[in-house]
>>> print(open('my_file_37.pdb').read())   # PDB, C-alpha atoms and all ligand atoms
ATOM      1  CA  MET A   1     -82.443  62.496  -7.893
ATOM      2  CA  SER A   2     -82.018  60.539  -4.673
ATOM      3  CA  PRO A   3     -80.384  57.116  -4.970
ATOM      4  CA  PRO A   4     -82.483  53.933  -4.652
ATOM      5  CA  ASP A   5     -82.803  52.201  -1.275
ATOM      6  CA  LEU A   6     -80.696  49.043  -1.622
ATOM      7  CA  PHE A   7     -79.972  46.171   0.780
ATOM      8  CA  ASP A   8     -76.853  44.060   0.183
ATOM      9  CA  THR A   9     -77.926  40.726   1.701
ATOM     10  CA  HIS A  10     -74.537  39.018   1.279
ATOM     11  CA  ALA A  11     -71.142  40.690   1.616
ATOM     12  CA  HIS A  12     -67.820  39.702   3.149
ATOM     13  CA  LEU A  13     -66.695  43.120   4.375
ATOM     14  CA  HIS A  14     -64.397  41.604   6.993
ATOM     15  CA  PHE A  15     -62.282  39.782   4.383
ATOM     16  CA  PRO A  16     -58.643  40.951   4.019
ATOM     17  CA  ASP A  17     -59.540  42.398   0.580
ATOM     18  CA  PHE A  18     -61.178  45.339   2.405
ATOM     19  CA  ALA A  19     -58.716  45.715   5.285
ATOM     20  CA  GLY A  20     -56.962  48.690   3.698
ATOM     21  CA  ASP A  21     -59.933  50.875   2.764
ATOM     22  CA  LEU A  22     -63.157  49.700   4.432
ATOM     23  CA  PRO A  23     -64.256  53.239   5.429
ATOM     24  CA  ASP A  24     -64.023  54.294   1.752
ATOM     25  CA  VAL A  25     -65.866  51.155   0.636
ATOM     26  CA  LEU A  26     -68.690  51.856   3.097
ATOM     27  CA  ALA A  27     -68.837  55.524   2.066
ATOM     28  CA  ARG A  28     -69.202  54.560  -1.613
ATOM     29  CA  ALA A  29     -71.893  52.012  -0.673
ATOM     30  CA  ARG A  30     -73.908  54.634   1.217
ATOM     31  CA  ALA A  31     -73.517  57.143  -1.627
ATOM     32  CA  ALA A  32     -74.846  54.520  -4.058
ATOM     33  CA  GLY A  33     -77.960  54.010  -1.905
ATOM     34  CA  VAL A  34     -76.914  50.826  -0.108
ATOM     35  CA  SER A  35     -78.464  51.596   3.266
ATOM     36  CA  ARG A  36     -78.129  48.137   4.808
ATOM     37  CA  MET A  37     -75.625  45.292   4.465
ATOM     38  CA  VAL A  38     -75.176  41.856   6.033
ATOM     39  CA  THR A  39     -71.569  40.687   6.297
ATOM     40  CA  ILE A  40     -71.253  36.927   6.263
ATOM     41  CA  GLY A  41     -68.897  34.664   8.221
ATOM     42  CA  THR A  42     -67.402  31.529   6.689
ATOM     43  CA  ASP A  43     -65.749  29.999   9.776
ATOM     44  CA  VAL A  44     -65.388  30.829  13.486
ATOM     45  CA  ALA A  45     -62.744  33.538  13.012
ATOM     46  CA  THR A  46     -64.522  35.341  10.159
ATOM     47  CA  SER A  47     -67.877  35.031  11.945
ATOM     48  CA  GLN A  48     -66.365  36.834  14.926
ATOM     49  CA  ALA A  49     -64.855  39.419  12.541
ATOM     50  CA  ALA A  50     -68.283  39.931  10.964
ATOM     51  CA  ILE A  51     -69.809  40.570  14.399
ATOM     52  CA  ASP A  52     -67.042  43.061  15.174
ATOM     53  CA  ILE A  53     -67.794  45.140  12.052
ATOM     54  CA  ALA A  54     -71.535  44.989  12.702
ATOM     55  CA  GLY A  55     -70.857  46.290  16.204
ATOM     56  CA  ARG A  56     -69.091  49.340  14.784
ATOM     57  CA  GLU A  57     -71.255  50.218  11.777
ATOM     58  CA  ALA A  58     -74.934  51.037  12.306
ATOM     59  CA  ASP A  59     -75.928  49.886   8.802
ATOM     60  CA  VAL A  60     -74.075  46.543   8.881
ATOM     61  CA  TRP A  61     -75.452  43.333  10.435
ATOM     62  CA  ALA A  62     -73.709  39.957  10.739
ATOM     63  CA  ALA A  63     -74.313  36.311   9.873
ATOM     64  CA  VAL A  64     -72.301  33.480  11.444
ATOM     65  CA  GLY A  65     -71.605  30.138   9.839
ATOM     66  CA  ILE A  66     -69.188  27.626   8.387
ATOM     67  CA  HIS A  67     -68.751  27.586   4.607
ATOM     68  CA  PRO A  68     -68.675  24.138   2.973
ATOM     69  CA  HIS A  69     -65.081  24.842   1.931
ATOM     70  CA  ASP A  70     -64.212  25.062   5.638
ATOM     71  CA  ALA A  71     -66.329  22.121   6.783
ATOM     72  CA  ALA A  72     -63.364  19.748   7.118
ATOM     73  CA  ALA A  73     -61.821  21.974   9.794
ATOM     74  CA  ALA A  74     -65.099  22.315  11.728
ATOM     75  CA  ASP A  75     -64.912  20.139  14.844
ATOM     76  CA  ASP A  76     -67.507  20.015  17.646
ATOM     77  CA  ALA A  77     -65.890  22.990  19.344
ATOM     78  CA  ALA A  78     -66.227  25.093  16.186
ATOM     79  CA  VAL A  79     -69.916  24.249  15.828
ATOM     80  CA  ALA A  80     -70.463  25.062  19.520
ATOM     81  CA  GLU A  81     -68.710  28.387  19.023
ATOM     82  CA  ILE A  82     -70.941  29.250  16.050
ATOM     83  CA  ALA A  83     -73.957  28.391  18.239
ATOM     84  CA  ARG A  84     -72.679  30.827  20.851
ATOM     85  CA  LEU A  85     -71.961  33.568  18.281
ATOM     86  CA  ALA A  86     -75.433  33.119  16.760
ATOM     87  CA  ARG A  87     -76.864  34.632  19.948
ATOM     88  CA  ALA A  88     -74.651  37.751  19.800
ATOM     89  CA  PRO A  89     -76.239  41.160  19.225
ATOM     90  CA  ARG A  90     -76.695  42.149  15.558
ATOM     91  CA  VAL A  91     -76.415  38.568  14.311
ATOM     92  CA  VAL A  92     -79.411  38.215  12.002
ATOM     93  CA  ALA A  93     -78.768  34.852  10.305
ATOM     94  CA  VAL A  94     -76.853  31.574  10.294
ATOM     95  CA  GLY A  95     -74.658  31.411   7.214
ATOM     96  CA  GLU A  96     -73.142  30.869   5.009
ATOM     97  CA  ILE A  97     -73.665  27.132   5.071
ATOM     98  CA  GLY A  98     -74.321  24.572   2.357
ATOM     99  CA  LEU A  99     -72.646  22.258  -0.118
ATOM    100  CA  ASP A 100     -70.013  23.002  -2.766
ATOM    101  CA  PHE A 101     -69.481  20.026  -5.057
ATOM    102  CA  PHE A 102     -67.693  22.190  -7.636
ATOM    103  CA  ARG A 103     -64.487  22.788  -5.756
ATOM    104  CA  ASN A 104     -64.887  19.983  -3.171
ATOM    105  CA  LEU A 105     -62.422  21.622  -0.777
ATOM    106  CA  SER A 106     -63.924  19.503   2.019
ATOM    107  CA  PRO A 107     -65.063  15.855   1.600
ATOM    108  CA  ARG A 108     -68.734  15.651   0.596
ATOM    109  CA  ASP A 109     -69.876  13.596   3.590
ATOM    110  CA  VAL A 110     -68.219  16.090   5.953
ATOM    111  CA  GLN A 111     -69.861  19.014   4.123
ATOM    112  CA  GLU A 112     -73.250  17.357   4.539
ATOM    113  CA  ARG A 113     -72.761  16.617   8.239
ATOM    114  CA  VAL A 114     -71.748  20.208   9.044
ATOM    115  CA  PHE A 115     -74.544  21.607   6.845
ATOM    116  CA  ARG A 116     -77.159  19.577   8.761
ATOM    117  CA  ARG A 117     -75.799  20.624  12.148
ATOM    118  CA  LEU A 118     -75.912  24.314  11.203
ATOM    119  CA  LEU A 119     -79.416  24.025   9.744
ATOM    120  CA  ALA A 120     -80.466  22.603  13.122
ATOM    121  CA  LEU A 121     -78.744  25.536  14.773
ATOM    122  CA  GLY A 122     -80.732  27.979  12.611
ATOM    123  CA  ARG A 123     -83.953  26.250  13.672
ATOM    124  CA  GLU A 124     -83.025  26.344  17.358
ATOM    125  CA  ALA A 125     -81.826  29.961  17.248
ATOM    126  CA  ARG A 126     -84.874  30.976  15.171
ATOM    127  CA  LYS A 127     -82.606  32.696  12.669
ATOM    128  CA  PRO A 128     -82.886  32.435   8.879
ATOM    129  CA  VAL A 129     -80.192  30.431   7.092
ATOM    130  CA  LEU A 130     -78.057  31.616   4.159
ATOM    131  CA  ILE A 131     -77.449  28.748   1.763
ATOM    132  CA  HIS A 132     -74.407  28.341  -0.488
ATOM    133  CA  CYS A 133     -75.024  25.773  -3.241
ATOM    134  CA  ARG A 134     -72.639  24.990  -6.070
ATOM    135  CA  ASP A 135     -73.184  21.983  -8.339
ATOM    136  CA  ALA A 136     -75.179  20.362  -5.537
ATOM    137  CA  HIS A 137     -78.803  21.362  -6.046
ATOM    138  CA  GLU A 138     -80.351  17.898  -5.652
ATOM    139  CA  ASP A 139     -78.466  17.200  -2.428
ATOM    140  CA  VAL A 140     -79.065  20.687  -1.005
ATOM    141  CA  LEU A 141     -82.802  20.567  -1.755
ATOM    142  CA  ARG A 142     -83.134  17.064  -0.249
ATOM    143  CA  ILE A 143     -81.314  18.099   2.933
ATOM    144  CA  LEU A 144     -83.248  21.376   3.243
ATOM    145  CA  ALA A 145     -86.537  19.475   3.049
ATOM    146  CA  GLN A 146     -85.406  16.849   5.558
ATOM    147  CA  GLU A 147     -84.158  19.527   7.953
ATOM    148  CA  MET A 148     -87.435  21.489   7.702
ATOM    149  CA  VAL A 149     -85.825  24.715   6.537
ATOM    150  CA  ALA A 150     -89.265  26.343   6.365
ATOM    151  CA  GLU A 151     -89.138  26.622  10.165
ATOM    152  CA  SER A 152     -86.208  29.040  10.058
ATOM    153  CA  GLY A 153     -86.632  30.431   6.534
ATOM    154  CA  GLY A 154     -83.655  31.671   4.603
ATOM    155  CA  ILE A 155     -82.053  32.707   1.354
ATOM    156  CA  MET A 156     -80.655  30.678  -1.530
ATOM    157  CA  HIS A 157     -77.638  32.953  -1.936
ATOM    158  CA  CYS A 158     -76.062  33.727  -5.320
ATOM    159  CA  PHE A 159     -78.715  31.627  -7.008
ATOM    160  CA  SER A 160     -77.233  29.658  -9.905
ATOM    161  CA  GLY A 161     -80.050  27.312 -10.938
ATOM    162  CA  ASP A 162     -82.894  27.509 -13.432
ATOM    163  CA  THR A 163     -86.588  28.259 -12.926
ATOM    164  CA  ALA A 164     -87.368  24.637 -11.999
ATOM    165  CA  ILE A 165     -84.818  24.773  -9.170
ATOM    166  CA  ALA A 166     -86.089  28.225  -8.182
ATOM    167  CA  ARG A 167     -89.639  26.827  -7.968
ATOM    168  CA  ARG A 168     -88.456  24.107  -5.569
ATOM    169  CA  CYS A 169     -86.600  26.655  -3.406
ATOM    170  CA  LEU A 170     -89.725  28.816  -3.237
ATOM    171  CA  ASP A 171     -91.776  25.756  -2.277
ATOM    172  CA  LEU A 172     -89.384  25.194   0.643
ATOM    173  CA  GLY A 173     -90.144  28.726   1.838
ATOM    174  CA  LEU A 174     -86.822  30.271   0.805
ATOM    175  CA  LEU A 175     -86.089  33.610  -0.805
ATOM    176  CA  ILE A 176     -83.935  33.692  -3.961
ATOM    177  CA  SER A 177     -80.945  36.039  -4.085
ATOM    178  CA  LEU A 178     -79.438  37.201  -7.367
ATOM    179  CA  ALA A 179     -75.835  38.413  -7.523
ATOM    180  CA  GLY A 180     -73.541  39.901 -10.190
ATOM    181  CA  PRO A 181     -73.803  36.944 -12.609
ATOM    182  CA  VAL A 182     -77.349  38.009 -13.596
ATOM    183  CA  THR A 183     -75.695  40.974 -15.360
ATOM    184  CA  TYR A 184     -73.345  38.818 -17.471
ATOM    185  CA  PRO A 185     -73.950  38.312 -21.210
ATOM    186  CA  ASN A 186     -73.667  34.548 -20.573
ATOM    187  CA  ALA A 187     -76.085  34.616 -17.628
ATOM    188  CA  ARG A 188     -77.741  31.381 -18.852
ATOM    189  CA  ALA A 189     -81.027  30.801 -16.965
ATOM    190  CA  LEU A 190     -80.638  33.762 -14.602
ATOM    191  CA  PRO A 191     -82.576  36.368 -16.648
ATOM    192  CA  GLU A 192     -85.511  33.956 -16.784
ATOM    193  CA  VAL A 193     -85.175  33.370 -13.019
ATOM    194  CA  ALA A 194     -85.154  37.154 -12.434
ATOM    195  CA  ARG A 195     -88.500  37.383 -14.218
ATOM    196  CA  PHE A 196     -89.919  34.224 -12.625
ATOM    197  CA  VAL A 197     -89.462  34.835  -8.882
ATOM    198  CA  PRO A 198     -92.415  36.676  -7.273
ATOM    199  CA  ALA A 199     -91.572  40.203  -6.098
ATOM    200  CA  ASP A 200     -92.050  39.267  -2.454
ATOM    201  CA  ARG A 201     -89.544  36.372  -2.616
ATOM    202  CA  LEU A 202     -86.569  38.054  -4.311
ATOM    203  CA  VAL A 203     -83.483  39.775  -2.848
ATOM    204  CA  ILE A 204     -80.102  40.857  -4.262
ATOM    205  CA  GLU A 205     -76.508  40.742  -3.049
ATOM    206  CA  THR A 206     -72.948  41.425  -4.115
ATOM    207  CA  ASP A 207     -71.119  38.464  -2.460
ATOM    208  CA  CYS A 208     -68.246  40.945  -2.485
ATOM    209  CA  PRO A 209     -65.259  40.788  -2.853
ATOM    210  CA  PHE A 210     -66.315  38.062  -5.320
ATOM    211  CA  LEU A 211     -68.516  38.124  -8.444
ATOM    212  CA  PRO A 212     -68.359  41.750  -9.613
ATOM    213  CA  PRO A 213     -71.162  42.697 -12.003
ATOM    214  CA  GLN A 214     -70.604  43.368 -15.702
ATOM    215  CA  GLY A 215     -68.428  46.445 -16.137
ATOM    216  CA  HIS A 216     -66.271  45.570 -13.116
ATOM    217  CA  ARG A 217     -65.299  42.003 -13.953
ATOM    218  CA  GLY A 218     -61.744  41.179 -12.969
ATOM    219  CA  GLN A 219     -61.864  43.782 -10.186
ATOM    220  CA  ARG A 220     -62.647  43.497  -6.502
ATOM    221  CA  ASN A 221     -66.417  43.659  -6.019
ATOM    222  CA  GLU A 222     -67.910  45.997  -3.382
ATOM    223  CA  PRO A 223     -71.407  46.920  -2.117
ATOM    224  CA  ALA A 224     -71.626  50.119  -4.204
ATOM    225  CA  TYR A 225     -71.828  47.941  -7.335
ATOM    226  CA  LEU A 226     -75.094  46.407  -6.090
ATOM    227  CA  ALA A 227     -76.896  49.189  -7.978
ATOM    228  CA  LEU A 228     -75.770  47.630 -11.291
ATOM    229  CA  THR A 229     -77.361  44.317 -10.380
ATOM    230  CA  ALA A 230     -80.529  46.099  -9.256
ATOM    231  CA  VAL A 231     -80.733  48.008 -12.554
ATOM    232  CA  ARG A 232     -80.387  44.776 -14.538
ATOM    233  CA  VAL A 233     -82.997  42.916 -12.496
ATOM    234  CA  ALA A 234     -85.436  45.823 -12.813
ATOM    235  CA  GLU A 235     -84.845  45.914 -16.581
ATOM    236  CA  LEU A 236     -85.422  42.158 -16.889
ATOM    237  CA  ARG A 237     -88.657  42.387 -14.885
ATOM    238  CA  GLY A 238     -89.845  45.510 -16.692
ATOM    239  CA  GLU A 239     -90.203  47.349 -13.395
ATOM    240  CA  ALA A 240     -89.070  50.763 -12.197
ATOM    241  CA  MET A 241     -85.726  50.459 -10.441
ATOM    242  CA  ASP A 242     -86.658  52.494  -7.349
ATOM    243  CA  ALA A 243     -89.883  50.616  -6.711
ATOM    244  CA  LEU A 244     -88.176  47.262  -7.178
ATOM    245  CA  ALA A 245     -85.264  48.252  -4.909
ATOM    246  CA  ALA A 246     -87.680  49.300  -2.177
ATOM    247  CA  ARG A 247     -89.536  46.012  -2.498
ATOM    248  CA  LEU A 248     -86.390  43.892  -2.315
ATOM    249  CA  THR A 249     -85.192  45.873   0.701
ATOM    250  CA  ASP A 250     -88.516  45.234   2.436
ATOM    251  CA  ASN A 251     -88.142  41.501   1.756
ATOM    252  CA  ALA A 252     -84.681  41.419   3.320
ATOM    253  CA  ARG A 253     -85.693  43.515   6.309
ATOM    254  CA  ALA A 254     -88.656  41.247   6.999
ATOM    255  CA  LEU A 255     -86.542  38.077   6.826
ATOM    256  CA  PHE A 256     -83.731  39.467   8.991
ATOM    257  CA  LYS A 257     -86.156  41.320  11.305
ATOM    258  CA  ILE A 258     -84.215  44.548  10.759
ATOM    259  CA  PRO A 259     -86.142  47.766  11.452
TER
HETATM  260 ZN    ZN A 301     -71.343  31.438  -1.141
HETATM  261 ZN    ZN A 302     -70.366  34.433   0.264
END
>>> encode(input="my_file_37.pdb", output="structure tokens", more="lines below")
Ligand SMILES: [Zn+2]
Ligand SMILES: [Zn+2]
Amino acid sequence: MSPPDLFDTHAHLHFPDFAGDLPDVLARARAAGVSRMVTIGTDVATSQAAIDIAGREADVWAAVGIHPHDAAAADDAAVAEIARLARAPRVVAVGEIGLDFFRNLSPRDVQERVFRRLLALGREARKPVLIHCRDAHEDVLRILAQEMVAESGGIMHCFSGDTAIARRCLDLGLLISLAGPVTYPNARALPEVARFVPADRLVIETDCPFLPPQGHRGQRNEPAYLALTAVRVAELRGEAMDALAARLTDNARALFKIP
């Protein structure tokens, strides 16, 4: 049986966690059916590193952005550099960007200012935005509406809300991305969200090296494990895994304009 056709919409392949064995990680991903991956920058240096990997690997694309954790270090020069990198070949999105009021590694007002500037950049560059949101749904949704996110489109990455929040994200024109936590026994509202989101608005991701699915918890996550999340989402929706995987891959390819 051939493997399903999977698209990992959110990975951090350029992180040091993979420095020792990236060729093996990519080989396992391909063997598991992961035919396309987007590797996501979190500041200027990692955005450049993401572009470098995408330049070497035909099935990897890049996103450039400044994570809310890194917002405090993002001066005007850093934002200008992200704007420049956003125009590089194989850059398919601006991200990840957003608000993280769980860890608060950058002051909240600084997070919001950087988030708004990078949403504007996504609009200007006509690239979809990849949104990180932790314990900040009301603020993120308010800012996304004010900044007219529908013009660029994007993904609510590693979705952690309930169906009411999902509804509001869909109304803003965003796709919803489910990650490893949907496979956890204590997945809270996520199984309901997996059933709720229309098939043409859903994608999946690993967010590797973080958030390994059930069965690999406590280990480094990697794109090959995306199949476990896909199996769980298909089970929750009562759909055949291969058909669902193909559909989710189509959604991601359309958003990122990847052939
Ligand atoms: Zn994130
Ligand atoms: Zn991430």
>>> residues_near_ligand(input="my_file_37.pdb", ligand="ligand ZN 301 (chain A)", cutoff="12 Å", atoms="all atoms listed in the file", output="PyMOL selection string")
chain A and resi 9-12+39-42+65-70+95-100+102-103+130-134+155-160+177-179+205-211
>>> atom_distance(input="my_file_37.pdb", atom1="CA of Leu236 (chain A)", atom2="CA of Pro191 (chain A)")
6.5 Å
>>> residues_around(input="my_file_37.pdb", residues="Leu121 (chain A)", least_positions_apart="3", cutoff="10 Å", atoms="all atoms listed in the file", output="list in words")
Gly65, Val79, Ala80, Ile82, Ala83, Ala86, Val94, Phe115, Arg116, Arg117, Leu118, Glu124, Ala125, Arg126, Lys127, Pro128, Val129 and Ser152 of chain A
>>> atom_distance(input="my_file_37.pdb", atom1="CA of Val92 (chain A)", atom2="CA of Ala120 (chain A)")
15.7 Å
>>> resolve_selection(input="my_file_37.pdb", expression="the PyMOL selection byres (((chain A and resi 258) around 12) and not hetatm)", output="list in words")
Phe7, Thr9, Ser35, Arg36, Met37, Val38, Ala58, Asp59, Val60, Trp61, Ala62, Arg90, Val91, Val92, Ala93, Thr249, Asp250, Asn251, Ala252, Arg253, Ala254, Leu255, Phe256, Lys257 and Pro259 of chain A
>>> resolve_selection(input="my_file_37.pdb", expression="the PyMOL selection byres (((chain A and resi 75) around 12) and not hetatm)", output="ChimeraX atom specification")
/A:43-44,66,70-74,76-82,110-111,113-114,117
>>> write_last_selection(input="my_file_37.pdb", atoms="C-alpha atoms", output="mmCIF file, in the frame of the given file")
data_model
loop_
_atom_site.group_PDB
_atom_site.id
_atom_site.type_symbol
_atom_site.label_atom_id
_atom_site.label_comp_id
_atom_site.auth_asym_id
_atom_site.auth_seq_id
_atom_site.Cartn_x
_atom_site.Cartn_y
_atom_site.Cartn_z
ATOM 1 C CA ASP A 43 -65.749 29.999 9.776
ATOM 2 C CA VAL A 44 -65.388 30.829 13.486
ATOM 3 C CA ILE A 66 -69.188 27.626 8.387
ATOM 4 C CA ASP A 70 -64.212 25.062 5.638
ATOM 5 C CA ALA A 71 -66.329 22.121 6.783
ATOM 6 C CA ALA A 72 -63.364 19.748 7.118
ATOM 7 C CA ALA A 73 -61.821 21.974 9.794
ATOM 8 C CA ALA A 74 -65.099 22.315 11.728
ATOM 9 C CA ASP A 76 -67.507 20.015 17.646
ATOM 10 C CA ALA A 77 -65.890 22.990 19.344
ATOM 11 C CA ALA A 78 -66.227 25.093 16.186
ATOM 12 C CA VAL A 79 -69.916 24.249 15.828
ATOM 13 C CA ALA A 80 -70.463 25.062 19.520
ATOM 14 C CA GLU A 81 -68.710 28.387 19.023
ATOM 15 C CA ILE A 82 -70.941 29.250 16.050
ATOM 16 C CA VAL A 110 -68.219 16.090 5.953
ATOM 17 C CA GLN A 111 -69.861 19.014 4.123
ATOM 18 C CA ARG A 113 -72.761 16.617 8.239
ATOM 19 C CA VAL A 114 -71.748 20.208 9.044
ATOM 20 C CA ARG A 117 -75.799 20.624 12.148
#
>>> residues_near_point(input="my_file_37.pdb", point="(-76.7, 54.5, -7.5)", cutoff="7 Å", atoms="only C-alpha atoms", output="list of chain:residue names")
A:Pro3, A:Pro4, A:Ala32, A:Gly33, A:Ala227
>>> resolve_selection(input="my_file_37.pdb", expression="the PyMOL selection byres (((chain A and resi 232) around 12) and not hetatm)", output="PDB file with C-alpha atoms, keeping the file's coordinate frame")
ATOM      1  CA  LEU A 178     -79.438  37.201  -7.367  1.00  0.00           C
ATOM      2  CA  ALA A 179     -75.835  38.413  -7.523  1.00  0.00           C
ATOM      3  CA  GLY A 180     -73.541  39.901 -10.190  1.00  0.00           C
ATOM      4  CA  PRO A 181     -73.803  36.944 -12.609  1.00  0.00           C
ATOM      5  CA  VAL A 182     -77.349  38.009 -13.596  1.00  0.00           C
ATOM      6  CA  THR A 183     -75.695  40.974 -15.360  1.00  0.00           C
ATOM      7  CA  TYR A 184     -73.345  38.818 -17.471  1.00  0.00           C
ATOM      8  CA  PRO A 185     -73.950  38.312 -21.210  1.00  0.00           C
ATOM      9  CA  ALA A 187     -76.085  34.616 -17.628  1.00  0.00           C
ATOM     10  CA  LEU A 190     -80.638  33.762 -14.602  1.00  0.00           C
ATOM     11  CA  PRO A 191     -82.576  36.368 -16.648  1.00  0.00           C
ATOM     12  CA  ALA A 194     -85.154  37.154 -12.434  1.00  0.00           C
ATOM     13  CA  ARG A 195     -88.500  37.383 -14.218  1.00  0.00           C
ATOM     14  CA  ILE A 204     -80.102  40.857  -4.262  1.00  0.00           C
ATOM     15  CA  PRO A 213     -71.162  42.697 -12.003  1.00  0.00           C
ATOM     16  CA  GLN A 214     -70.604  43.368 -15.702  1.00  0.00           C
ATOM     17  CA  TYR A 225     -71.828  47.941  -7.335  1.00  0.00           C
ATOM     18  CA  LEU A 226     -75.094  46.407  -6.090  1.00  0.00           C
ATOM     19  CA  ALA A 227     -76.896  49.189  -7.978  1.00  0.00           C
ATOM     20  CA  LEU A 228     -75.770  47.630 -11.291  1.00  0.00           C
ATOM     21  CA  THR A 229     -77.361  44.317 -10.380  1.00  0.00           C
ATOM     22  CA  ALA A 230     -80.529  46.099  -9.256  1.00  0.00           C
ATOM     23  CA  VAL A 231     -80.733  48.008 -12.554  1.00  0.00           C
ATOM     24  CA  VAL A 233     -82.997  42.916 -12.496  1.00  0.00           C
ATOM     25  CA  ALA A 234     -85.436  45.823 -12.813  1.00  0.00           C
ATOM     26  CA  GLU A 235     -84.845  45.914 -16.581  1.00  0.00           C
ATOM     27  CA  LEU A 236     -85.422  42.158 -16.889  1.00  0.00           C
ATOM     28  CA  ARG A 237     -88.657  42.387 -14.885  1.00  0.00           C
ATOM     29  CA  GLY A 238     -89.845  45.510 -16.692  1.00  0.00           C
ATOM     30  CA  GLU A 239     -90.203  47.349 -13.395  1.00  0.00           C
ATOM     31  CA  ALA A 240     -89.070  50.763 -12.197  1.00  0.00           C
ATOM     32  CA  MET A 241     -85.726  50.459 -10.441  1.00  0.00           C
ATOM     33  CA  LEU A 244     -88.176  47.262  -7.178  1.00  0.00           C
ATOM     34  CA  ALA A 245     -85.264  48.252  -4.909  1.00  0.00           C
TER      35      ALA A 245
END
>>> atom_distance(input="my_file_37.pdb", atom1="CA of Val203 (chain A)", atom2="CA of Ala27 (chain A)")
22.1 Å
>>> build_atoms(input="my_file_37.pdb", residues="region 250-255 of chain A", atoms="all heavy atoms", output="tab-separated table (two decimals), in the coordinates of the input")
chain	number	residue	atom	x	y	z
A	250	ASP	N	-87.48	45.66	1.49
A	250	ASP	CA	-88.52	45.23	2.44
A	250	ASP	C	-88.43	43.73	2.68
A	250	ASP	O	-88.58	43.27	3.82
A	250	ASP	CB	-89.91	45.56	1.89
A	250	ASP	CG	-90.24	47.05	1.99
A	250	ASP	OD1	-89.49	47.77	2.67
A	250	ASP	OD2	-91.24	47.47	1.38
A	251	ASN	N	-88.23	42.96	1.61
A	251	ASN	CA	-88.14	41.50	1.76
A	251	ASN	C	-87.00	41.11	2.71
A	251	ASN	O	-87.16	40.26	3.57
A	251	ASN	CB	-87.89	40.84	0.39
A	251	ASN	CG	-89.05	41.02	-0.58
A	251	ASN	OD1	-90.16	41.35	-0.17
A	251	ASN	ND2	-88.77	40.83	-1.86
A	252	ALA	N	-85.85	41.74	2.49
A	252	ALA	CA	-84.68	41.42	3.32
A	252	ALA	C	-84.90	41.86	4.76
A	252	ALA	O	-84.58	41.12	5.70
A	252	ALA	CB	-83.43	42.09	2.74
A	253	ARG	N	-85.46	43.03	4.94
A	253	ARG	CA	-85.69	43.52	6.31
A	253	ARG	C	-86.67	42.62	7.07
A	253	ARG	O	-86.50	42.36	8.25
A	253	ARG	CB	-86.22	44.96	6.28
A	253	ARG	CG	-85.16	45.94	5.86
A	253	ARG	CD	-85.73	47.32	5.66
A	253	ARG	NE	-86.29	47.85	6.90
A	253	ARG	CZ	-86.96	49.01	6.96
A	253	ARG	NH1	-87.15	49.72	5.87
A	253	ARG	NH2	-87.42	49.43	8.11
A	254	ALA	N	-87.68	42.13	6.35
A	254	ALA	CA	-88.66	41.25	7.00
A	254	ALA	C	-87.99	39.94	7.41
A	254	ALA	O	-88.18	39.44	8.52
A	254	ALA	CB	-89.83	40.99	6.06
A	255	LEU	N	-87.20	39.36	6.51
A	255	LEU	CA	-86.54	38.08	6.83
A	255	LEU	C	-85.58	38.23	8.00
A	255	LEU	O	-85.56	37.41	8.91
A	255	LEU	CB	-85.78	37.55	5.60
A	255	LEU	CG	-85.10	36.20	5.85
A	255	LEU	CD1	-86.13	35.07	5.83
A	255	LEU	CD2	-83.99	35.93	4.84
